[in-house]
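Containing mmCIF, C-alpha atoms and all ligand atoms: entry.cif.
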```
data_start
#
loop_
_atom_site.label_atom_id
_atom_site.label_comp_id
_atom_site.auth_asym_id
_atom_site.auth_seq_id
_atom_site.Cartn_x
_atom_site.Cartn_y
_atom_site.Cartn_z
CA MET A 15 -15.03 -76.22 -26.09
CA THR A 16 -14.55 -73.52 -23.43
CA ASP A 17 -11.91 -73.98 -20.73
CA ASN A 18 -14.70 -74.41 -18.18
CA ALA A 19 -16.53 -77.02 -20.24
CA LYS A 20 -13.24 -78.80 -20.84
CA SER A 21 -12.42 -78.83 -17.17
CA ASN A 22 -15.95 -80.11 -16.45
CA THR A 23 -15.44 -82.96 -18.88
CA GLU A 24 -12.03 -83.76 -17.44
CA ASN A 25 -13.37 -83.64 -13.90
CA ASN A 26 -16.23 -85.91 -14.88
CA ALA A 27 -13.90 -88.39 -16.54
CA LYS A 28 -11.73 -88.44 -13.43
CA ASN A 29 -14.73 -88.65 -11.12
CA ASN A 30 -16.36 -91.38 -13.16
CA THR A 31 -13.28 -93.56 -12.92
CA LYS A 32 -13.10 -93.09 -9.18
CA SER A 33 -16.79 -93.63 -8.68
CA ASN A 34 -17.01 -96.70 -10.90
CA ALA A 35 -14.21 -98.30 -8.94
CA LYS A 36 -15.98 -97.81 -5.64
CA SER A 37 -19.69 -97.63 -6.41
CA HIS A 38 -21.79 -100.62 -5.50
CA ALA A 39 -25.01 -99.10 -6.74
CA LYS A 40 -25.31 -98.79 -10.51
CA ASN A 41 -29.07 -99.18 -10.74
CA PRO A 42 -31.39 -96.17 -10.53
CA PRO A 43 -33.96 -96.14 -7.73
CA ALA A 44 -37.06 -98.11 -8.76
CA SER A 45 -40.02 -95.88 -9.52
CA GLY A 46 -41.69 -96.80 -6.21
CA ALA A 47 -38.51 -96.23 -4.18
CA LEU A 48 -38.56 -93.58 -1.49
CA ILE A 49 -36.60 -90.38 -2.12
CA LEU A 50 -35.58 -88.20 0.83
CA VAL A 51 -35.35 -84.45 0.15
CA LEU A 52 -33.44 -82.41 2.74
CA GLY A 53 -33.91 -78.64 2.94
CA ALA A 54 -37.42 -79.39 1.76
CA THR A 55 -38.84 -76.02 2.78
CA GLY A 56 -36.00 -74.16 1.05
CA LYS A 57 -35.72 -72.62 -2.40
CA THR A 58 -34.47 -75.71 -4.20
CA GLY A 59 -35.77 -78.47 -1.91
CA ARG A 60 -39.44 -77.55 -2.03
CA ARG A 61 -39.34 -77.39 -5.82
CA VAL A 62 -37.56 -80.76 -5.99
CA VAL A 63 -40.31 -82.21 -3.80
CA SER A 64 -43.08 -80.92 -6.03
CA ARG A 65 -41.43 -82.08 -9.25
CA LEU A 66 -40.88 -85.58 -7.89
CA ARG A 67 -44.45 -85.81 -6.60
CA GLU A 68 -45.83 -84.54 -9.90
CA ALA A 69 -43.89 -87.40 -11.52
CA GLY A 70 -45.56 -89.86 -9.14
CA ARG A 71 -42.49 -90.53 -7.00
CA ALA A 72 -42.61 -91.35 -3.30
CA VAL A 73 -40.96 -88.46 -1.44
CA ARG A 74 -40.14 -87.71 2.18
CA ALA A 75 -39.80 -83.94 2.59
CA ALA A 76 -37.56 -83.18 5.55
CA SER A 77 -36.36 -80.14 7.47
CA ARG A 78 -36.77 -78.65 10.95
CA SER A 79 -40.14 -77.04 10.18
CA GLY A 80 -41.44 -79.11 7.26
CA GLU A 81 -43.55 -82.25 6.80
CA THR A 82 -41.02 -84.62 8.39
CA ARG A 83 -38.83 -83.29 11.15
CA PHE A 84 -35.12 -83.47 10.45
CA ASP A 85 -32.47 -81.39 12.17
CA TRP A 86 -28.79 -81.71 11.32
CA THR A 87 -27.99 -80.72 14.92
CA ASP A 88 -30.34 -83.27 16.53
CA ARG A 89 -29.11 -86.78 15.73
CA SER A 90 -32.24 -88.38 17.17
CA THR A 91 -34.07 -87.12 14.06
CA TRP A 92 -31.75 -88.88 11.58
CA ALA A 93 -32.80 -92.55 11.75
CA PRO A 94 -36.56 -91.94 11.28
CA VAL A 95 -36.05 -89.88 8.11
CA LEU A 96 -33.65 -92.42 6.63
CA GLU A 97 -35.84 -95.46 7.06
CA GLY A 98 -36.70 -97.08 3.72
CA VAL A 99 -34.93 -94.39 1.66
CA SER A 100 -32.99 -95.29 -1.48
CA ALA A 101 -32.06 -91.87 -2.87
CA LEU A 102 -31.38 -88.54 -1.22
CA TYR A 103 -31.16 -84.83 -2.18
CA LEU A 104 -28.55 -83.35 0.12
CA VAL A 105 -28.72 -79.66 1.04
CA GLY A 106 -25.96 -79.31 3.63
CA PRO A 107 -26.23 -77.71 7.07
CA PRO A 108 -24.77 -74.29 7.90
CA GLU A 109 -21.85 -76.02 9.70
CA PRO A 110 -20.16 -79.02 8.02
CA GLU A 111 -19.47 -81.01 11.19
CA PRO A 112 -22.38 -83.54 11.05
CA ILE A 113 -22.21 -84.34 7.32
CA ALA A 114 -19.79 -87.29 7.40
CA ASP A 115 -21.65 -89.04 10.23
CA PHE A 116 -25.00 -88.44 8.57
CA VAL A 117 -23.84 -89.86 5.23
CA ASP A 118 -22.33 -92.89 7.00
CA GLN A 119 -25.64 -93.50 8.74
CA ALA A 120 -27.56 -93.01 5.50
CA VAL A 121 -25.39 -95.54 3.65
CA ALA A 122 -25.79 -98.02 6.52
CA ALA A 123 -29.55 -97.48 6.33
CA GLY A 124 -29.55 -98.40 2.62
CA VAL A 125 -29.36 -95.07 0.78
CA ARG A 126 -27.59 -95.74 -2.50
CA ARG A 127 -27.92 -92.50 -4.47
CA PHE A 128 -26.93 -89.00 -3.35
CA VAL A 129 -27.50 -85.78 -5.29
CA VAL A 130 -25.55 -83.00 -3.59
CA LEU A 131 -26.32 -79.28 -3.88
CA SER A 132 -22.97 -77.49 -3.96
CA GLY A 133 -21.89 -74.22 -5.60
CA ARG A 134 -19.99 -73.15 -8.67
CA GLY A 135 -16.35 -72.38 -7.90
CA VAL A 136 -16.16 -74.63 -4.84
CA GLU A 137 -13.22 -76.47 -6.38
CA VAL A 138 -11.31 -73.17 -6.18
CA TYR A 139 -12.49 -71.65 -2.90
CA GLY A 140 -12.77 -75.02 -1.14
CA ASP A 141 -13.85 -74.60 2.45
CA SER A 142 -12.94 -70.90 2.64
CA PHE A 143 -16.62 -69.93 2.46
CA GLU A 144 -19.68 -72.08 3.20
CA PRO A 145 -17.50 -75.14 3.97
CA SER A 146 -20.52 -77.46 4.05
CA MET A 147 -20.59 -77.64 0.26
CA ALA A 148 -16.97 -78.81 -0.07
CA GLU A 149 -17.46 -81.24 2.82
CA ALA A 150 -20.65 -82.75 1.36
CA GLU A 151 -18.90 -83.26 -1.98
CA ARG A 152 -15.89 -84.88 -0.31
CA VAL A 153 -17.96 -87.18 1.86
CA VAL A 154 -20.23 -88.57 -0.86
CA ARG A 155 -17.30 -89.10 -3.23
CA GLU A 156 -15.69 -91.32 -0.61
CA ALA A 157 -18.86 -93.14 0.47
CA GLY A 158 -18.83 -95.84 -2.22
CA VAL A 159 -22.27 -94.81 -3.46
CA ASP A 160 -23.90 -93.54 -6.61
CA TRP A 161 -23.37 -89.75 -6.36
CA THR A 162 -23.90 -86.66 -8.49
CA VAL A 163 -22.94 -83.09 -7.59
CA ILE A 164 -24.62 -79.93 -8.88
CA ARG A 165 -22.73 -76.64 -8.69
CA PRO A 166 -25.04 -73.74 -9.51
CA ASN A 167 -24.26 -70.05 -10.01
CA ASN A 168 -26.03 -67.42 -7.93
CA PHE A 169 -29.74 -68.17 -7.74
CA THR A 170 -32.17 -65.86 -9.55
CA GLN A 171 -34.57 -66.33 -6.63
CA ASN A 172 -32.10 -64.62 -4.25
CA PHE A 173 -33.78 -61.44 -5.53
CA ASP A 174 -37.29 -62.33 -4.32
CA GLU A 175 -36.96 -65.21 -1.83
CA ASP A 176 -33.68 -64.54 -0.03
CA ILE A 177 -31.02 -62.07 1.03
CA PHE A 178 -31.46 -59.54 -1.82
CA HIS A 179 -35.24 -59.25 -1.37
CA ALA A 180 -35.60 -56.79 1.52
CA PRO A 181 -33.01 -54.34 0.12
CA LEU A 182 -34.81 -54.33 -3.23
CA VAL A 183 -38.17 -53.68 -1.61
CA ALA A 184 -36.45 -50.70 0.05
CA GLY A 185 -35.16 -49.65 -3.40
CA ARG A 186 -31.38 -50.18 -3.09
CA LEU A 187 -29.26 -53.33 -3.38
CA ALA A 188 -25.65 -52.65 -2.39
CA LEU A 189 -23.06 -55.42 -2.78
CA PRO A 190 -19.27 -55.78 -3.09
CA VAL A 191 -19.44 -57.33 -6.56
CA GLY A 192 -18.49 -54.47 -8.91
CA ASP A 193 -19.67 -54.93 -12.47
CA VAL A 194 -18.81 -58.63 -12.82
CA PRO A 195 -21.28 -60.48 -15.05
CA GLU A 196 -23.21 -63.30 -13.37
CA PRO A 197 -25.23 -65.94 -15.28
CA PHE A 198 -27.93 -66.25 -12.60
CA ILE A 199 -29.64 -69.63 -12.54
CA ASP A 200 -33.37 -70.01 -12.01
CA VAL A 201 -34.11 -72.35 -9.10
CA ASP A 202 -36.83 -73.98 -11.21
CA ASP A 203 -34.07 -75.22 -13.50
CA ILE A 204 -31.99 -76.47 -10.57
CA ALA A 205 -35.01 -78.42 -9.32
CA ASP A 206 -35.66 -79.94 -12.75
CA VAL A 207 -32.03 -81.04 -12.92
CA ALA A 208 -32.02 -82.44 -9.38
CA ALA A 209 -35.24 -84.40 -9.98
CA ALA A 210 -33.74 -85.89 -13.15
CA LEU A 211 -30.51 -86.85 -11.38
CA LEU A 212 -32.43 -88.51 -8.56
CA THR A 213 -34.50 -90.65 -10.89
CA GLU A 214 -32.58 -91.21 -14.14
CA GLU A 215 -29.56 -93.27 -15.08
CA GLY A 216 -26.27 -92.04 -16.51
CA HIS A 217 -25.19 -89.34 -14.08
CA THR A 218 -23.19 -91.33 -11.53
CA GLY A 219 -19.94 -89.68 -10.46
CA ARG A 220 -20.57 -86.53 -12.46
CA VAL A 221 -20.28 -82.88 -11.48
CA TYR A 222 -22.66 -80.51 -13.28
CA GLU A 223 -22.08 -76.78 -13.22
CA LEU A 224 -25.43 -75.00 -13.67
CA SER A 225 -25.96 -71.46 -14.91
CA GLY A 226 -28.56 -69.41 -16.71
CA PRO A 227 -28.13 -68.70 -20.42
CA ARG A 228 -27.07 -65.04 -20.07
CA ALA A 229 -24.55 -63.28 -17.85
CA LEU A 230 -25.58 -59.86 -16.63
CA SER A 231 -24.09 -57.56 -14.03
CA PHE A 232 -25.93 -57.07 -10.76
CA ALA A 233 -26.65 -53.51 -11.89
CA GLU A 234 -28.19 -54.81 -15.12
CA ALA A 235 -30.18 -57.45 -13.22
CA VAL A 236 -31.60 -54.88 -10.81
CA ALA A 237 -32.42 -52.55 -13.73
CA GLU A 238 -34.33 -55.39 -15.44
CA LEU A 239 -36.25 -56.15 -12.26
CA SER A 240 -37.05 -52.47 -11.78
CA GLN A 241 -38.27 -52.12 -15.33
CA ALA A 242 -40.35 -55.32 -15.22
CA SER A 243 -41.95 -54.51 -11.87
CA GLY A 244 -42.25 -50.74 -12.13
CA HIS A 245 -40.78 -50.60 -8.59
CA PRO A 246 -37.87 -48.12 -8.31
CA MET A 247 -34.71 -50.07 -7.45
CA ARG A 248 -31.04 -49.39 -8.00
CA PHE A 249 -27.76 -51.22 -7.53
CA GLU A 250 -24.71 -49.79 -5.80
CA HIS A 251 -21.22 -51.27 -5.49
CA ILE A 252 -19.80 -51.04 -1.97
CA THR A 253 -16.69 -52.48 -0.30
CA SER A 254 -16.75 -55.74 1.64
CA ASP A 255 -16.31 -53.89 4.92
CA GLU A 256 -19.21 -51.57 4.09
CA TYR A 257 -21.35 -54.59 3.22
CA VAL A 258 -20.54 -56.33 6.50
CA ALA A 259 -21.42 -53.11 8.36
CA GLU A 260 -24.77 -52.90 6.53
CA LEU A 261 -25.61 -56.55 7.21
CA THR A 262 -24.73 -56.36 10.89
CA ALA A 263 -26.77 -53.16 11.21
CA ALA A 264 -29.65 -55.24 9.81
CA ASP A 265 -29.09 -57.81 12.59
CA VAL A 266 -27.17 -60.41 10.55
CA PRO A 267 -24.57 -61.98 12.91
CA ALA A 268 -20.97 -60.93 12.18
CA GLU A 269 -19.66 -64.34 11.06
CA PRO A 270 -22.24 -65.12 8.34
CA ALA A 271 -22.11 -61.45 7.29
CA ARG A 272 -18.35 -61.72 6.71
CA ALA A 273 -18.76 -65.07 4.90
CA LEU A 274 -21.34 -63.58 2.55
CA ALA A 275 -19.17 -60.52 1.88
CA ASP A 276 -16.18 -62.77 1.16
CA VAL A 277 -18.06 -64.97 -1.28
CA LEU A 278 -19.43 -61.93 -3.15
CA ALA A 279 -15.99 -60.31 -3.25
CA TRP A 280 -14.63 -63.58 -4.62
CA LEU A 281 -17.33 -63.57 -7.31
CA ALA A 282 -16.17 -60.10 -8.38
CA ASP A 283 -13.00 -61.67 -9.80
CA GLY A 284 -15.13 -63.23 -12.54
CA TYR A 285 -14.35 -66.90 -12.03
CA ASN A 286 -18.04 -67.86 -12.38
CA ALA A 287 -18.91 -65.27 -15.03
CA ALA A 288 -19.26 -67.42 -18.16
CA PRO A 289 -22.50 -69.34 -18.79
CA VAL A 290 -22.09 -73.13 -18.74
CA SER A 291 -23.99 -76.00 -20.32
CA GLY A 292 -25.07 -78.11 -17.31
CA VAL A 293 -28.82 -77.58 -17.64
CA ARG A 294 -28.73 -78.48 -21.32
CA ASP A 295 -26.43 -81.46 -20.65
CA VAL A 296 -28.90 -82.97 -18.17
CA LEU A 297 -32.29 -81.85 -19.50
CA GLY A 298 -31.63 -81.41 -23.22
CA ARG A 299 -33.13 -77.92 -23.15
CA GLU A 300 -31.88 -74.40 -22.48
CA PRO A 301 -32.16 -72.84 -19.01
CA LYS A 302 -34.69 -70.10 -18.32
CA ASP A 303 -33.66 -66.54 -19.18
CA PHE A 304 -33.55 -63.91 -16.42
CA SER A 305 -36.24 -61.89 -18.23
CA VAL A 306 -38.74 -64.76 -17.80
CA TYR A 307 -38.12 -64.71 -14.05
CA ALA A 308 -38.26 -60.89 -13.89
CA LYS A 309 -41.69 -60.88 -15.55
CA ALA A 310 -43.19 -63.73 -13.52
CA ALA A 311 -41.90 -62.49 -10.15
CA SER A 312 -43.05 -58.95 -10.95
CA GLU A 313 -46.52 -60.21 -11.86
CA ALA A 314 -46.59 -62.11 -8.56
CA GLY A 315 -45.92 -58.81 -6.76
CA ALA A 316 -42.46 -59.78 -5.48
CA TRP A 317 -41.25 -56.25 -4.74
CA GLY A 318 -44.52 -54.51 -3.94
N1 LIG B 1 -28.40 -68.90 -2.99
C1 LIG B 1 -27.50 -69.09 -3.92
O1 LIG B 1 -27.30 -68.29 -4.83
C2 LIG B 1 -26.67 -70.36 -3.88
C3 LIG B 1 -25.80 -70.65 -4.94
C4 LIG B 1 -25.06 -71.85 -4.90
C5 LIG B 1 -25.22 -72.71 -3.83
N2 LIG B 1 -26.08 -72.40 -2.80
C6 LIG B 1 -26.20 -73.32 -1.67
O2 LIG B 1 -27.54 -73.73 -1.57
C7 LIG B 1 -27.75 -74.17 -0.22
C8 LIG B 1 -29.11 -73.68 0.26
O3 LIG B 1 -30.11 -74.31 -0.55
P1 LIG B 1 -31.53 -73.64 -0.74
O4 LIG B 1 -31.34 -72.25 -1.24
O5 LIG B 1 -32.33 -74.60 -1.53
O6 LIG B 1 -32.10 -73.61 0.74
P2 LIG B 1 -32.61 -72.34 1.54
O7 LIG B 1 -33.69 -71.66 0.79
O8 LIG B 1 -31.41 -71.55 1.97
O9 LIG B 1 -33.25 -73.05 2.81
C9 LIG B 1 -32.47 -73.82 3.72
C10 LIG B 1 -33.17 -75.15 3.96
O10 LIG B 1 -32.40 -75.89 4.91
C11 LIG B 1 -33.25 -76.21 6.03
N3 LIG B 1 -32.41 -76.17 7.22
C12 LIG B 1 -31.73 -75.11 7.72
N4 LIG B 1 -31.08 -75.47 8.84
C13 LIG B 1 -31.36 -76.78 9.06
C14 LIG B 1 -30.99 -77.72 10.07
N5 LIG B 1 -30.23 -77.38 11.12
N6 LIG B 1 -31.45 -78.98 9.95
C15 LIG B 1 -32.24 -79.34 8.91
N7 LIG B 1 -32.63 -78.51 7.94
C16 LIG B 1 -32.20 -77.23 8.01
C17 LIG B 1 -34.34 -75.15 6.02
O11 LIG B 1 -35.57 -75.63 6.53
P3 LIG B 1 -36.06 -75.48 8.05
O12 LIG B 1 -35.87 -74.07 8.41
O13 LIG B 1 -37.46 -75.96 8.00
O14 LIG B 1 -35.16 -76.40 8.82
C18 LIG B 1 -34.55 -74.97 4.52
O15 LIG B 1 -35.40 -75.97 4.01
C19 LIG B 1 -26.59 -73.65 0.61
O16 LIG B 1 -25.70 -74.71 0.85
C20 LIG B 1 -25.94 -72.66 -0.33
O17 LIG B 1 -24.57 -72.51 -0.10
C21 LIG B 1 -26.81 -71.25 -2.81
#
```
Let's see the structure in the file written out as structure tokens.
Ligand SMILES: NC(=O)c1ccc[n+]([C@@H]2O[C@H](COP(=O)([O-])OP(=O)(O)OC[C@H]3O[C@@H](n4cnc5c(N)ncnc54)[C@H](OP(=O)(O)O)[C@@H]3O)[C@@H](O)[C@H]2O)c1
Amino acid sequence: MTDNAKSNTENNAKNNTKSNAKSHAKNPPASGALILVLGATGKTGRRVVSRLREAGRAVRAASRSGETRFDWTDRSTWAPVLEGVSALYLVGPPEPEPIADFVDQAVAAGVRRFVVLSGRGVEVYGDSFEPSMAEAERVVREAGVDWTVIRPNNFTQNFDEDIFHAPLVAGRLALPVGDVPEPFIDVDDIADVAAALLTEEGHTGRVYELSGPRALSFAEAVAELSQASGHPMRFEHITSDEYVAELTAADVPAEPARALADVLAWLADGYNAAPVSGVRDVLGREPKDFSVYAKAASEAGAWG
């Protein structure tokens, strides 16, 4: 057993004890029960919505611009989305401040199961970067509910649906990550795991770290994407300060630019570099390899 796997098991044992003592909801949501998905227009949320609907589940898809309006910063939107809900996929807000009140209100409204999207390494970096993830974990653990946390590595889809996309279209991705290996996780796998955790039994009080099957450096990842797509792209290592300067020149506000640079610089130390078994532990199958993503996204014309 690797040190990481061992620490996962130990954490889960500890968490299970705590959760079993406090949880008053041991039964999974009935198949007709309503599941609320937050961040439902985002990379994970919209895939969780489609998987649950394909499985015949009743889903309320919520965000500021999606099917059902929900805004973390507008409390008048909270009660309507919570009505009749028994289980919830929690993608936290940019700022952690409303999370505790929202979870309190959700529990009072009858929500009994929470699946929280967090990030791998959060137990080390805590609320130093993206403090919403640490706060969401803390709050659900203390809410006396049936909770499960997922902590994924860097998403594969960052390359075609998020922050790495525009630089790659322009042919150069420059990040302060050095040559650290990263076992990128495909968001399709995260969504499969989340859908299972929302609907199956046996995951209460557990923390699952999720990675892809293969760690590759950002330079290797970009080379694979370039080869698969035929689009010329290269990777360059730059310092954190240079990265912040590039982001702000591209109109990213200074504070999130610094947070992103800090999290990438933290990654460069290799804490998240080893693949982990979370996808297999939940789904009983291996996660998708990066090459499968590279081929499919290239065929879909992701980088032009
Ligand atoms: N990317 C990675 O590699 C990675 C790795 C580990 C963990 N994570 C964590 O994953 C989370 C993001 O999840 P994601 O990638 O699935 O989402 P995403 O693609 O970043 O989209 C964000 C979602 O949140 C919604 N949203 C934003 N502000 C909101 C607000 N004020 N009120 C209500 N909804 C709001 C957005 O929809 P609307 O615009 O319609 O409101 C959208 O659906 C973050 O916490 C991040 O730290 C990311």
**Request:** Would you mind listing what lies within 10 Å of Pro246 (chain A) as an MDAnalysis selection string, with all atoms listed in the file counted and same-chain residues fewer than 6 positions away left out?
**Result:** chainID A and resid 182:186 236:237 239:240 317
**Nearest-residue call for ligand LIG 1 (chain B), choices A:Ser79, A:Ser146, A:Thr218, A:Thr162, using all atoms listed in the file** =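 Closest residue, counting all atoms listed in the file: A:Ser79.
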**Request:** Please identify the residues whose atoms come within 7 Å of ligand LIG 1 (chain B), using all atoms listed in the file, and report them as number ranges by chain.
**Result:** A: 52-59, 77-80, 84-87, 105-108, 131-134, 144, 146-147, 165-169, 172
Generate a file of the selected residues that holds C-alpha atoms, formatted as a short mmCIF file (atom, residue, chain, number, x, y, z; two decimals), in the coordinates of the input.
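Okay, part-v1.cif is ready:
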```cif
data_model
loop_
_atom_site.label_atom_id
_atom_site.label_comp_id
_atom_site.auth_asym_id
_atom_site.auth_seq_id
_atom_site.Cartn_x
_atom_site.Cartn_y
_atom_site.Cartn_z
CA LEU A 52 -33.44 -82.41 2.74
CA GLY A 53 -33.91 -78.64 2.94
CA ALA A 54 -37.42 -79.39 1.76
CA THR A 55 -38.84 -76.02 2.78
CA GLY A 56 -36.00 -74.16 1.05
CA LYS A 57 -35.72 -72.62 -2.40
CA THR A 58 -34.47 -75.71 -4.20
CA GLY A 59 -35.77 -78.47 -1.91
CA SER A 77 -36.36 -80.14 7.47
CA ARG A 78 -36.77 -78.65 10.95
CA SER A 79 -40.14 -77.04 10.18
CA GLY A 80 -41.44 -79.11 7.26
CA PHE A 84 -35.12 -83.47 10.45
CA ASP A 85 -32.47 -81.39 12.17
CA TRP A 86 -28.79 -81.71 11.32
CA THR A 87 -27.99 -80.72 14.92
CA VAL A 105 -28.72 -79.66 1.04
CA GLY A 106 -25.96 -79.31 3.63
CA PRO A 107 -26.23 -77.71 7.07
CA PRO A 108 -24.77 -74.29 7.90
CA LEU A 131 -26.32 -79.28 -3.88
CA SER A 132 -22.97 -77.49 -3.96
CA GLY A 133 -21.89 -74.22 -5.60
CA ARG A 134 -19.99 -73.15 -8.67
CA GLU A 144 -19.68 -72.08 3.20
CA SER A 146 -20.52 -77.46 4.05
CA MET A 147 -20.59 -77.64 0.26
CA ARG A 165 -22.73 -76.64 -8.69
CA PRO A 166 -25.04 -73.74 -9.51
CA ASN A 167 -24.26 -70.05 -10.01
CA ASN A 168 -26.03 -67.42 -7.93
CA PHE A 169 -29.74 -68.17 -7.74
CA ASN A 172 -32.10 -64.62 -4.25
#
```
**Asked** Between CA of Ser254 (chain A) and CA of Ser142 (chain A), what is the spacing in Å?
**Response**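 CA of Ser254 (chain A) lies at a distance of 15.7 Å from CA of Ser142 (chain A).
Candidate residues A:Pro289, A:Pro227, A:Pro181, A:Pro301 were compared for distance to Ile204 (chain A), and the nearest is A:Pro301, using only C-alpha atoms.
Computed from the coordinates, the CA of Thr253 (chain A) to CA of Ile177 (chain A) distance equals 17.3 Å.
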**Prompt:** Separation of CA of Ala273 (chain A) and CA of Pro145 (chain A), in Å?
**Reply:**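 Pair CA of Ala273 (chain A) / CA of Pro145 (chain A) returns 10.2 Å.
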**Prompt:** Quick one: residues within 10 Å of Val194 (chain A), all atoms listed in the file counted, chain neighbours fewer than 4 positions away excluded, as JSON, numbers by chain?
**Reply:** {"A": [229, 230, 231, 232, 233, 281, 282, 283, 284, 285, 286, 287]}
